[in-house]
Amino acid sequence: MSTSKNKKEFNDINITPLTDIFLVLLIIMMVIAPLLDQQGLNLIVPNNQEVKEKPKEAKLITIDVADNGAYTMDEKPITANELIFAIQEASKEKKEGLLIQAASNATHGAVVTVMDAARTAGVTNISVAEK
């Protein structure tokens with residue numbers, strides 16, 4: 001019975017292991033954070049400029065993207081599934097690139113779908129403009 005009175009009660013909390021864990025986690029985050037670059041589209045929004053005159057014989061493929069996500073090429077409606085084939089056919093005659101004219105309320109997904117289709121079709125010069 002005298003042994004229980006001779007023992008000291010343990011009232012202190014040792015935070016050294018906890019501090020070590022936090023420092024290791026901090027170092028890991030500092031090393032990994034620069035490696036996590038966002039992989040997205042770097043889009044630069046063009047300034048609104050009015051075009052006074054359109055060229056008579058355009059060498060660009062022009063695709064319009066409407067507010068509701070509908071696509072038109074040369075004033076003919078096309079579906080998202082037909083985009084790749086339509087761009088491949090048009091790129092045989094018009095080799096300068098692709099112009100995507102998106103409505104101001106068109107979704108980014110609809111515009112990216114056209115970009116992906118153009119990239120798959122082999123078009124390298126892609127421009128985006130607002131209608």
# chains A, B, ... in the order shown; residues from 1 in each chain; ligands from 1
>>> residues_around(residues="region 78-89 of chain A", least_positions_apart="6", cutoff="7 Å", atoms="only C-alpha atoms", output="list in words")
Tyr71, Thr72, Ala117, Ala118, Thr120 and Ala121 of chain A
>>> atom_distance(atom1="CA of Lys59 (chain A)", atom2="CA of Leu99 (chain A)")
10.1 Å
>>> select_by_dssp(residues="region 46-128 of chain A", states="strand (DSSP E or B)", output="PyMOL selection string")
chain A and resi 60-65+71-73+76-78+97-102+126-128
>>> write_last_selection(atoms="N, CA and C atoms", output="CSV table (one decimal), in the first residue's frame")
chain,number,residue,atom,x,y,z
A,60,LEU,N,-10.6,30.5,-92.8
A,60,LEU,CA,-10.7,29.9,-91.5
A,60,LEU,C,-12.0,29.1,-91.4
A,61,ILE,N,-12.0,28.1,-90.7
A,61,ILE,CA,-13.2,27.3,-90.4
A,61,ILE,C,-13.9,28.1,-89.3
A,62,THR,N,-15.2,28.4,-89.4
A,62,THR,CA,-15.9,29.2,-88.4
A,62,THR,C,-17.0,28.3,-87.8
A,63,ILE,N,-17.0,28.1,-86.5
A,63,ILE,CA,-18.0,27.4,-85.8
A,63,ILE,C,-18.6,28.3,-84.8
A,64,ASP,N,-20.0,28.4,-84.8
A,64,ASP,CA,-20.7,29.3,-83.9
A,64,ASP,C,-21.2,28.4,-82.8
A,65,VAL,N,-21.1,28.9,-81.5
A,65,VAL,CA,-21.6,28.1,-80.4
A,65,VAL,C,-22.7,29.0,-79.8
A,71,TYR,N,-24.3,23.9,-82.1
A,71,TYR,CA,-23.2,24.3,-83.0
A,71,TYR,C,-23.7,24.5,-84.4
A,72,THR,N,-23.1,25.5,-85.0
A,72,THR,CA,-23.4,25.7,-86.5
A,72,THR,C,-22.0,26.0,-87.2
A,73,MET,N,-21.9,25.4,-88.3
A,73,MET,CA,-20.7,25.6,-89.2
A,73,MET,C,-21.3,26.0,-90.6
A,76,LYS,N,-25.0,25.9,-91.0
A,76,LYS,CA,-25.6,24.6,-91.0
A,76,LYS,C,-25.5,24.0,-89.6
A,77,PRO,N,-26.6,23.6,-89.0
A,77,PRO,CA,-26.4,23.1,-87.6
A,77,PRO,C,-25.8,21.7,-87.6
A,78,ILE,N,-24.9,21.5,-86.7
A,78,ILE,CA,-24.2,20.2,-86.6
A,78,ILE,C,-24.3,19.8,-85.1
A,97,GLY,N,-6.9,27.6,-90.0
A,97,GLY,CA,-7.2,27.3,-88.6
A,97,GLY,C,-8.7,27.4,-88.4
A,98,LEU,N,-9.1,27.5,-87.1
A,98,LEU,CA,-10.4,27.4,-86.7
A,98,LEU,C,-10.8,28.7,-85.9
A,99,LEU,N,-11.9,29.3,-86.1
A,99,LEU,CA,-12.4,30.4,-85.3
A,99,LEU,C,-13.7,29.9,-84.7
A,100,ILE,N,-13.7,30.0,-83.3
A,100,ILE,CA,-14.9,29.6,-82.6
A,100,ILE,C,-15.5,30.9,-82.1
A,101,GLN,N,-16.8,31.2,-82.6
A,101,GLN,CA,-17.5,32.3,-82.2
A,101,GLN,C,-18.6,31.9,-81.2
A,102,ALA,N,-18.3,32.2,-79.9
A,102,ALA,CA,-19.2,31.8,-78.9
A,102,ALA,C,-20.1,32.9,-78.4
A,126,ILE,N,-6.2,27.7,-83.3
A,126,ILE,CA,-7.6,27.9,-82.8
A,126,ILE,C,-7.8,29.2,-82.2
A,127,SER,N,-8.8,30.0,-82.6
A,127,SER,CA,-9.1,31.3,-82.1
A,127,SER,C,-10.5,31.3,-81.5
A,128,VAL,N,-10.7,32.0,-80.4
A,128,VAL,CA,-12.0,32.1,-79.8
A,128,VAL,C,-12.4,33.6,-79.8
>>> atom_distance(atom1="CA of Glu130 (chain A)", atom2="CA of Glu93 (chain A)")
24.4 Å
>>> closest_residue(among="A:Ala33, A:Ile27, A:Ile15, A:Gly69", to="Val112 (chain A)", atoms="only C-alpha atoms")
A:Gly69
>>> closest_residue(among="A:Thr113, A:Asn47, A:Asn105, A:Ser91", to="Ala129 (chain A)", atoms="only C-alpha atoms")
A:Asn47
>>> select_by_dssp(residues="region 17-121 of chain A", states="alpha helix (DSSP H)", output="ChimeraX atom specification")
/A:17-32,83-93,108-121
>>> atom_distance(atom1="CA of Ala103 (chain A)", atom2="CA of Asn68 (chain A)")
9.2 Å
